[in-house]
$ cat target-v7.csv   # CSV, N, CA and C atoms
chain,number,residue,atom,x,y,z
X,245,MET,N,48.7,10.6,22.8
X,245,MET,CA,47.4,10.6,23.4
X,245,MET,C,46.5,11.7,22.8
X,246,TYR,N,47.0,12.9,22.6
X,246,TYR,CA,46.3,14.0,22.0
X,246,TYR,C,45.7,13.6,20.6
X,247,THR,N,46.5,12.9,19.8
X,247,THR,CA,46.1,12.5,18.5
X,247,THR,C,45.0,11.5,18.5
X,248,ILE,N,45.0,10.6,19.5
X,248,ILE,CA,43.9,9.6,19.6
X,248,ILE,C,42.6,10.3,20.0
X,249,LEU,N,42.7,11.2,20.9
X,249,LEU,CA,41.5,12.0,21.4
X,249,LEU,C,40.9,12.8,20.2
X,250,ARG,N,41.8,13.4,19.5
X,250,ARG,CA,41.4,14.2,18.3
X,250,ARG,C,40.7,13.4,17.3
X,251,SER,N,41.3,12.2,17.0
X,251,SER,CA,40.7,11.2,16.0
X,251,SER,C,39.3,10.8,16.5
X,252,ILE,N,39.1,10.5,17.8
X,252,ILE,CA,37.8,10.1,18.3
X,252,ILE,C,36.8,11.2,18.1
X,253,LEU,N,37.2,12.4,18.5
X,253,LEU,CA,36.3,13.6,18.3
X,253,LEU,C,35.9,13.8,16.8
X,254,LEU,N,36.9,13.6,15.9
X,254,LEU,CA,36.6,13.8,14.5
X,254,LEU,C,35.6,12.7,14.1
X,255,VAL,N,35.7,11.5,14.4
X,255,VAL,CA,34.8,10.4,14.0
X,255,VAL,C,33.4,10.7,14.6
X,256,LEU,N,33.4,11.1,15.9
X,256,LEU,CA,32.1,11.4,16.5
X,256,LEU,C,31.4,12.6,15.8
X,257,SER,N,32.1,13.6,15.5
X,257,SER,CA,31.5,14.8,14.8
X,257,SER,C,31.0,14.4,13.4
X,258,LEU,N,31.7,13.5,12.7
X,258,LEU,CA,31.2,13.1,11.4
X,258,LEU,C,30.0,12.3,11.5
X,259,THR,N,29.9,11.4,12.5
X,259,THR,CA,28.7,10.5,12.6
X,259,THR,C,27.5,11.3,13.0
X,260,SER,N,27.7,12.4,13.7
X,260,SER,CA,26.5,13.2,14.1
X,260,SER,C,25.8,13.8,12.9
X,261,CYS,N,26.4,13.9,11.8
X,261,CYS,CA,25.8,14.5,10.6
X,261,CYS,C,25.0,13.4,9.8
X,262,THR,N,25.1,12.2,10.2
X,262,THR,CA,24.3,11.1,9.5
X,262,THR,C,22.9,11.2,9.9
X,263,SER,N,22.0,11.0,9.0
X,263,SER,CA,20.6,10.9,9.3
X,263,SER,C,20.1,9.4,9.3
X,264,TYR,N,19.2,9.1,10.1
X,264,TYR,CA,18.7,7.8,10.2
X,264,TYR,C,17.2,7.7,9.9
X,265,LYS,N,16.8,6.7,9.1
X,265,LYS,CA,15.4,6.6,8.8
X,265,LYS,C,14.7,5.9,9.9
X,266,TYR,N,13.5,6.4,10.2
X,266,TYR,CA,12.6,5.8,11.2
X,266,TYR,C,11.7,4.8,10.5
X,267,ALA,N,11.4,5.1,9.2
X,267,ALA,CA,10.4,4.2,8.5
X,267,ALA,C,11.1,2.9,8.2
X,268,THR,N,10.3,1.8,8.2
X,268,THR,CA,10.8,0.5,7.9
X,268,THR,C,10.7,0.3,6.4
X,269,GLU,N,11.7,-0.4,5.9
X,269,GLU,CA,11.6,-0.7,4.4
X,269,GLU,C,11.5,-2.2,4.3
X,270,GLY,N,10.5,-2.7,3.7
X,270,GLY,CA,10.4,-4.1,3.5
X,270,GLY,C,10.1,-4.5,2.1
X,271,ASN,N,10.1,-5.7,1.8
X,271,ASN,CA,9.8,-6.2,0.5
X,271,ASN,C,8.2,-6.3,0.4
X,272,THR,N,7.7,-5.3,-0.3
X,272,THR,CA,6.2,-5.3,-0.5
X,272,THR,C,5.9,-5.8,-1.9
X,273,GLN,N,4.9,-6.7,-1.9
X,273,GLN,CA,4.6,-7.2,-3.2
X,273,GLN,C,3.7,-6.2,-4.0
X,274,LYS,N,3.9,-6.0,-5.2
X,274,LYS,CA,3.1,-5.1,-6.0
X,274,LYS,C,1.8,-5.7,-6.3
X,275,SER,N,0.7,-4.9,-6.1
X,275,SER,CA,-0.6,-5.4,-6.2
X,275,SER,C,-1.2,-5.0,-7.6
X,276,ASN,N,-2.0,-5.9,-8.2
X,276,ASN,CA,-2.7,-5.6,-9.4
X,276,ASN,C,-3.9,-4.7,-9.2
X,277,LEU,N,-4.3,-4.6,-7.9
X,277,LEU,CA,-5.5,-3.8,-7.5
X,277,LEU,C,-5.2,-2.3,-7.7
X,278,THR,N,-5.3,-1.8,-8.9
X,278,THR,CA,-5.1,-0.4,-9.2
X,278,THR,C,-6.2,0.0,-10.1
X,279,MET,N,-6.4,1.4,-10.2
X,279,MET,CA,-7.5,1.9,-11.0
X,279,MET,C,-7.2,1.6,-12.5
X,280,GLY,N,-6.0,1.6,-12.9
X,280,GLY,CA,-5.6,1.3,-14.3
X,280,GLY,C,-6.0,-0.1,-14.7
X,281,THR,N,-5.7,-1.1,-13.8
X,281,THR,CA,-6.0,-2.5,-14.0
X,281,THR,C,-7.5,-2.7,-14.1
X,282,VAL,N,-8.2,-2.1,-13.1
X,282,VAL,CA,-9.7,-2.2,-13.1
X,282,VAL,C,-10.3,-1.7,-14.3
X,283,LYS,N,-9.9,-0.5,-14.8
X,283,LYS,CA,-10.5,0.1,-16.0
X,283,LYS,C,-10.2,-0.7,-17.2
X,284,SER,N,-9.0,-1.2,-17.3
X,284,SER,CA,-8.6,-1.9,-18.6
X,284,SER,C,-9.0,-3.4,-18.6
X,285,LYS,N,-9.2,-4.0,-17.5
X,285,LYS,CA,-9.4,-5.5,-17.4
X,285,LYS,C,-10.8,-5.9,-17.0
X,286,VAL,N,-11.5,-5.1,-16.2
X,286,VAL,CA,-12.8,-5.4,-15.7
X,286,VAL,C,-13.9,-4.8,-16.6
X,287,ILE,N,-14.6,-5.7,-17.4
X,287,ILE,CA,-15.5,-5.2,-18.4
X,287,ILE,C,-16.9,-5.8,-18.0
X,288,LYS,N,-17.8,-4.9,-17.8
X,288,LYS,CA,-19.2,-5.3,-17.4
X,288,LYS,C,-19.8,-6.2,-18.5
X,289,GLY,N,-20.4,-7.3,-18.1
X,289,GLY,CA,-21.1,-8.2,-19.1
X,289,GLY,C,-20.1,-9.1,-19.8
X,290,GLN,N,-18.8,-9.0,-19.4
X,290,GLN,CA,-17.8,-9.8,-20.2
X,290,GLN,C,-16.8,-10.6,-19.2
X,291,THR,N,-16.3,-9.9,-18.2
X,291,THR,CA,-15.3,-10.5,-17.4
X,291,THR,C,-15.9,-11.5,-16.4
X,292,THR,N,-15.3,-12.7,-16.3
X,292,THR,CA,-15.9,-13.7,-15.4
X,292,THR,C,-15.2,-13.7,-14.1
X,293,GLN,N,-15.8,-14.5,-13.1
X,293,GLN,CA,-15.3,-14.6,-11.8
X,293,GLN,C,-13.9,-15.2,-11.9
X,294,ASP,N,-13.7,-16.2,-12.7
X,294,ASP,CA,-12.3,-16.8,-12.9
X,294,ASP,C,-11.3,-15.8,-13.3
X,295,GLU,N,-11.6,-14.9,-14.2
X,295,GLU,CA,-10.7,-13.9,-14.7
X,295,GLU,C,-10.4,-12.9,-13.5
X,296,ILE,N,-11.4,-12.5,-12.8
X,296,ILE,CA,-11.2,-11.6,-11.6
X,296,ILE,C,-10.3,-12.3,-10.6
X,297,MET,N,-10.5,-13.6,-10.3
X,297,MET,CA,-9.7,-14.3,-9.4
X,297,MET,C,-8.3,-14.3,-9.8
X,298,LYS,N,-8.0,-14.5,-11.1
X,298,LYS,CA,-6.6,-14.5,-11.6
X,298,LYS,C,-6.0,-13.1,-11.5
X,299,LEU,N,-6.8,-12.1,-11.7
X,299,LEU,CA,-6.3,-10.7,-11.7
X,299,LEU,C,-5.9,-10.3,-10.3
X,300,PHE,N,-6.9,-10.5,-9.4
X,300,PHE,CA,-6.8,-9.9,-8.0
X,300,PHE,C,-6.7,-10.9,-6.9
X,301,GLY,N,-6.8,-12.2,-7.2
X,301,GLY,CA,-6.7,-13.2,-6.1
X,301,GLY,C,-8.1,-13.3,-5.4
X,302,SER,N,-8.0,-13.9,-4.2
X,302,SER,CA,-9.3,-14.1,-3.5
X,302,SER,C,-9.8,-12.7,-2.9
X,303,PRO,N,-11.1,-12.5,-2.9
X,303,PRO,CA,-11.6,-11.3,-2.4
X,303,PRO,C,-11.5,-11.2,-0.9
X,304,ASN,N,-11.5,-10.0,-0.3
X,304,ASN,CA,-11.5,-9.9,1.1
X,304,ASN,C,-12.8,-10.3,1.7
X,305,LEU,N,-13.9,-10.1,1.0
X,305,LEU,CA,-15.3,-10.4,1.5
X,305,LEU,C,-16.1,-10.8,0.3
X,306,VAL,N,-16.9,-11.9,0.6
X,306,VAL,CA,-17.9,-12.4,-0.4
X,306,VAL,C,-19.2,-12.3,0.3
X,307,SER,N,-20.2,-11.7,-0.4
X,307,SER,CA,-21.6,-11.6,0.2
X,307,SER,C,-22.6,-11.6,-0.9
X,308,LYS,N,-23.9,-11.5,-0.6
X,308,LYS,CA,-25.0,-11.5,-1.5
X,308,LYS,C,-25.7,-10.2,-1.3
X,309,ASN,N,-26.2,-9.5,-2.4
X,309,ASN,CA,-26.9,-8.3,-2.2
X,309,ASN,C,-28.4,-8.6,-2.1
X,310,LYS,N,-29.3,-7.6,-2.1
X,310,LYS,CA,-30.7,-7.9,-1.8
X,310,LYS,C,-31.4,-8.6,-3.0
X,311,SER,N,-30.7,-8.5,-4.2
X,311,SER,CA,-31.2,-9.3,-5.4
X,311,SER,C,-30.6,-10.7,-5.5
X,312,ASN,N,-30.0,-11.1,-4.4
X,312,ASN,CA,-29.4,-12.4,-4.3
X,312,ASN,C,-28.2,-12.6,-5.3
X,313,LYS,N,-27.6,-11.6,-5.7
X,313,LYS,CA,-26.4,-11.7,-6.6
X,313,LYS,C,-25.1,-11.6,-5.7
X,314,GLU,N,-24.1,-12.4,-6.2
X,314,GLU,CA,-22.9,-12.5,-5.4
X,314,GLU,C,-22.1,-11.2,-5.6
X,315,VAL,N,-21.5,-10.7,-4.5
X,315,VAL,CA,-20.7,-9.5,-4.5
X,315,VAL,C,-19.4,-9.8,-3.8
X,316,TRP,N,-18.3,-9.4,-4.6
X,316,TRP,CA,-17.0,-9.6,-4.1
X,316,TRP,C,-16.4,-8.2,-3.7
X,317,SER,N,-15.7,-8.1,-2.6
X,317,SER,CA,-15.1,-6.8,-2.2
X,317,SER,C,-13.6,-7.0,-2.0
X,318,TYR,N,-12.9,-6.1,-2.6
X,318,TYR,CA,-11.4,-6.1,-2.4
X,318,TYR,C,-11.0,-4.8,-1.7
X,319,ASN,N,-10.0,-4.9,-0.9
X,319,ASN,CA,-9.5,-3.7,-0.3
X,319,ASN,C,-8.0,-3.7,-0.2
X,320,ARG,N,-7.4,-2.6,-0.6
X,320,ARG,CA,-5.9,-2.5,-0.4
X,320,ARG,C,-5.6,-1.2,0.3
X,321,MET,N,-4.9,-1.3,1.4
X,321,MET,CA,-4.5,-0.1,2.2
X,321,MET,C,-3.0,0.0,2.3
X,322,SER,N,-2.5,1.2,2.2
X,322,SER,CA,-1.1,1.4,2.3
X,322,SER,C,-0.8,2.6,3.1
X,323,VAL,N,0.3,2.6,3.9
X,323,VAL,CA,0.8,3.7,4.7
X,323,VAL,C,2.2,4.0,4.3
X,324,GLU,N,2.5,5.2,4.0
X,324,GLU,CA,3.8,5.6,3.6
X,324,GLU,C,4.4,6.5,4.7
X,325,ASN,N,5.5,6.1,5.3
X,325,ASN,CA,6.1,6.8,6.4
X,325,ASN,C,7.2,7.7,5.7
X,326,LYS,N,7.3,8.9,6.1
X,326,LYS,CA,8.3,9.8,5.7
X,326,LYS,C,9.3,10.0,6.9
X,327,ALA,N,10.5,9.5,6.6
X,327,ALA,CA,11.5,9.5,7.7
X,327,ALA,C,12.0,10.8,8.2
X,328,GLY,N,12.4,10.9,9.4
X,328,GLY,CA,13.0,12.0,10.0
X,328,GLY,C,14.5,11.8,10.2
X,329,SER,N,15.2,12.6,10.9
X,329,SER,CA,16.6,12.4,11.2
X,329,SER,C,16.9,12.8,12.6
X,330,THR,N,18.0,12.3,13.1
X,330,THR,CA,18.4,12.6,14.5
X,330,THR,C,19.9,13.2,14.5
X,331,ASP,N,20.1,14.2,15.2
X,331,ASP,CA,21.4,14.8,15.5
X,331,ASP,C,21.7,14.5,16.9
X,332,PHE,N,22.5,13.5,17.2
X,332,PHE,CA,22.8,13.1,18.6
X,332,PHE,C,23.4,14.2,19.4
X,333,PHE,N,24.3,15.0,18.9
X,333,PHE,CA,25.0,16.0,19.7
X,333,PHE,C,24.2,17.2,20.0
X,334,ALA,N,23.3,17.6,19.0
X,334,ALA,CA,22.5,18.7,19.3
X,334,ALA,C,21.2,18.4,20.0
X,335,GLY,N,20.9,17.0,20.1
X,335,GLY,CA,19.7,16.6,20.8
X,335,GLY,C,18.5,16.9,20.0
X,336,GLN,N,18.6,17.1,18.7
X,336,GLN,CA,17.4,17.4,17.9
X,336,GLN,C,16.9,16.2,17.2
X,337,ARG,N,15.6,16.1,17.1
X,337,ARG,CA,15.0,15.0,16.4
X,337,ARG,C,13.9,15.6,15.4
X,338,ALA,N,14.1,15.3,14.2
X,338,ALA,CA,13.1,15.8,13.2
X,338,ALA,C,11.8,14.9,13.3
X,339,SER,N,10.7,15.6,13.0
X,339,SER,CA,9.4,14.9,13.1
X,339,SER,C,9.3,13.9,11.9
X,340,GLN,N,8.4,12.9,12.1
X,340,GLN,CA,8.1,11.9,11.1
X,340,GLN,C,6.7,12.1,10.8
X,341,SER,N,6.4,11.9,9.5
X,341,SER,CA,5.0,12.0,9.1
X,341,SER,C,4.6,10.8,8.2
X,342,SER,N,3.3,10.6,8.1
X,342,SER,CA,2.9,9.5,7.2
X,342,SER,C,1.6,9.9,6.5
X,343,SER,N,1.4,9.2,5.4
X,343,SER,CA,0.1,9.3,4.7
X,343,SER,C,-0.5,8.0,4.4
X,344,SER,N,-1.8,7.9,4.3
X,344,SER,CA,-2.5,6.6,4.1
X,344,SER,C,-3.3,6.7,2.8
X,345,LYS,N,-3.4,5.5,2.2
X,345,LYS,CA,-4.2,5.4,0.9
X,345,LYS,C,-5.0,4.2,1.1
X,346,SER,N,-6.2,4.2,0.6
X,346,SER,CA,-7.1,3.1,0.6
X,346,SER,C,-7.8,3.0,-0.8
X,347,PHE,N,-7.9,1.7,-1.3
X,347,PHE,CA,-8.5,1.5,-2.6
X,347,PHE,C,-9.4,0.3,-2.4
X,348,ASP,N,-10.7,0.5,-2.6
X,348,ASP,CA,-11.8,-0.5,-2.5
X,348,ASP,C,-12.4,-0.8,-3.8
X,349,LEU,N,-12.5,-2.0,-4.2
X,349,LEU,CA,-13.2,-2.5,-5.4
X,349,LEU,C,-14.4,-3.4,-5.0
X,350,ILE,N,-15.6,-3.1,-5.4
X,350,ILE,CA,-16.7,-3.9,-5.1
X,350,ILE,C,-17.3,-4.4,-6.5
X,351,ILE,N,-17.4,-5.7,-6.7
X,351,ILE,CA,-17.9,-6.2,-7.9
X,351,ILE,C,-19.1,-7.1,-7.7
X,352,THR,N,-20.2,-6.8,-8.5
X,352,THR,CA,-21.4,-7.6,-8.4
X,352,THR,C,-21.4,-8.4,-9.7
X,353,PHE,N,-21.7,-9.7,-9.5
X,353,PHE,CA,-21.8,-10.7,-10.5
X,353,PHE,C,-23.2,-11.1,-10.9
X,354,ASP,N,-23.5,-11.4,-12.1
X,354,ASP,CA,-24.8,-11.9,-12.5
X,354,ASP,C,-25.0,-13.4,-12.2
X,355,GLU,N,-26.1,-13.9,-12.6
X,355,GLU,CA,-26.4,-15.3,-12.4
X,355,GLU,C,-25.4,-16.3,-13.1
X,356,HIS,N,-24.7,-15.8,-14.1
X,356,HIS,CA,-23.7,-16.6,-14.9
X,356,HIS,C,-22.3,-16.3,-14.5
X,357,ASP,N,-22.1,-15.7,-13.3
X,357,ASP,CA,-20.8,-15.4,-12.7
X,357,ASP,C,-20.0,-14.5,-13.6
X,358,VAL,N,-20.6,-13.5,-14.3
X,358,VAL,CA,-20.0,-12.5,-15.1
X,358,VAL,C,-20.2,-11.2,-14.4
X,359,VAL,N,-19.3,-10.3,-14.5
X,359,VAL,CA,-19.4,-8.9,-13.9
X,359,VAL,C,-20.6,-8.2,-14.4
X,360,ALA,N,-21.5,-7.9,-13.5
X,360,ALA,CA,-22.7,-7.1,-13.8
X,360,ALA,C,-22.5,-5.7,-13.6
X,361,ASP,N,-21.7,-5.3,-12.5
X,361,ASP,CA,-21.4,-4.0,-12.2
X,361,ASP,C,-20.2,-4.0,-11.2
X,362,TYR,N,-19.6,-2.8,-11.1
X,362,TYR,CA,-18.5,-2.7,-10.1
X,362,TYR,C,-18.4,-1.2,-9.8
X,363,SER,N,-17.8,-1.0,-8.6
X,363,SER,CA,-17.6,0.4,-8.1
X,363,SER,C,-16.2,0.4,-7.4
X,364,VAL,N,-15.6,1.6,-7.5
X,364,VAL,CA,-14.3,1.8,-6.9
X,364,VAL,C,-14.3,3.0,-6.0
X,365,VAL,N,-13.7,2.9,-4.8
X,365,VAL,CA,-13.6,4.0,-3.9
X,365,VAL,C,-12.1,4.1,-3.6
X,366,SER,N,-11.5,5.3,-3.9
X,366,SER,CA,-10.1,5.5,-3.6
X,366,SER,C,-10.0,6.7,-2.7
X,367,THR,N,-9.3,6.6,-1.6
X,367,THR,CA,-9.1,7.7,-0.7
X,367,THR,C,-7.6,7.9,-0.4
X,368,ALA,N,-7.2,9.1,-0.1
X,368,ALA,CA,-5.8,9.4,0.4
X,368,ALA,C,-5.9,10.4,1.4
X,369,TYR,N,-5.2,10.2,2.6
X,369,TYR,CA,-5.2,11.2,3.7
X,369,TYR,C,-3.9,11.1,4.4

$ encode --input "target-v7.csv" --output "structure tokens"
Amino acid sequence: MYTILRSILLVLSLTSCTSYKYATEGNTQKSNLTMGTVKSKVIKGQTTQDEIMKLFGSPNLVSKNKSNKEVWSYNRMSVENKAGSTDFFAGQRASQSSSSKSFDLIITFDEHDVVADYSVVSTAY
């Protein structure tokens, strides 16, 4: 009986050292919407709407500016959670933190559906 009790206590004490992630891990698809891709592939006066569509997919927003030129807006936002750990026996719980990143691409097309201008806004907090 004493051996069983000691084995149970040993197992419980070892499992209390294990840390658990609070953040969720999922299969996230890699996006082409990056500063590197924009700088290397989007060329003013040359890149067409079809090429933009192949690179980045459908825009989040399509509008017209005051000059009646078509404007496409893309947005990518990501949140990274940094996991904490729990020690069940000590009753301690480590804090969890997160950081957010946002990447916005705004493309203005000319009357021939070619990139006339674009701007990028990238933030991290």

$ atom_distance --input "target-v7.csv" --atom1 "atom N of Ser317 in chain X" --atom2 "atom N of Leu305 in chain X"
4.5 Å

$ closest_residue --input "target-v7.csv" --among "X:Asn325, X:Ser275, X:Asn312, X:Thr281" --to "Phe353 in chain X" --atoms "only N, CA and C atoms"
X:Asn312

$ residues_near_point --input "target-v7.csv" --point "(-5.3, -5.1, -11.0)" --cutoff "6 Å" --atoms "all atoms listed in the file" --output "list in words"
Ser275, Asn276, Leu277, Thr278, Thr281, Val282, Leu299 and Phe300 of chain X

$ atom_distance --input "target-v7.csv" --atom1 "atom N of Ser311 in chain X" --atom2 "atom N of Leu349 in chain X"
19.3 Å

$ closest_residue --input "target-v7.csv" --among "X:Ile350, X:Ser341, X:Thr291, X:Ser322" --to "Asn304 in chain X" --atoms "only C-alpha atoms"
X:Ile350

$ residues_near_point --input "target-v7.csv" --point "(-19.1, -6.2, -16.6)" --cutoff "9 Å" --atoms "only C-alpha atoms" --output "PyMOL selection string"
chain X and resi 286-292+351-353+358-362

$ atom_distance --input "target-v7.csv" --atom1 "atom C of Trp316 in chain X" --atom2 "atom N of Pro303 in chain X"
6.9 Å

$ closest_residue --input "target-v7.csv" --among "X:Lys313, X:Lys326, X:His356, X:Lys298" --to "Ser343 in chain X" --atoms "all atoms listed in the file"
X:Lys326

$ closest_residue --input "target-v7.csv" --among "X:Thr367, X:Asn309, X:Ser284, X:Ser302" --to "Ser344 in chain X" --atoms "all atoms listed in the file"
X:Thr367
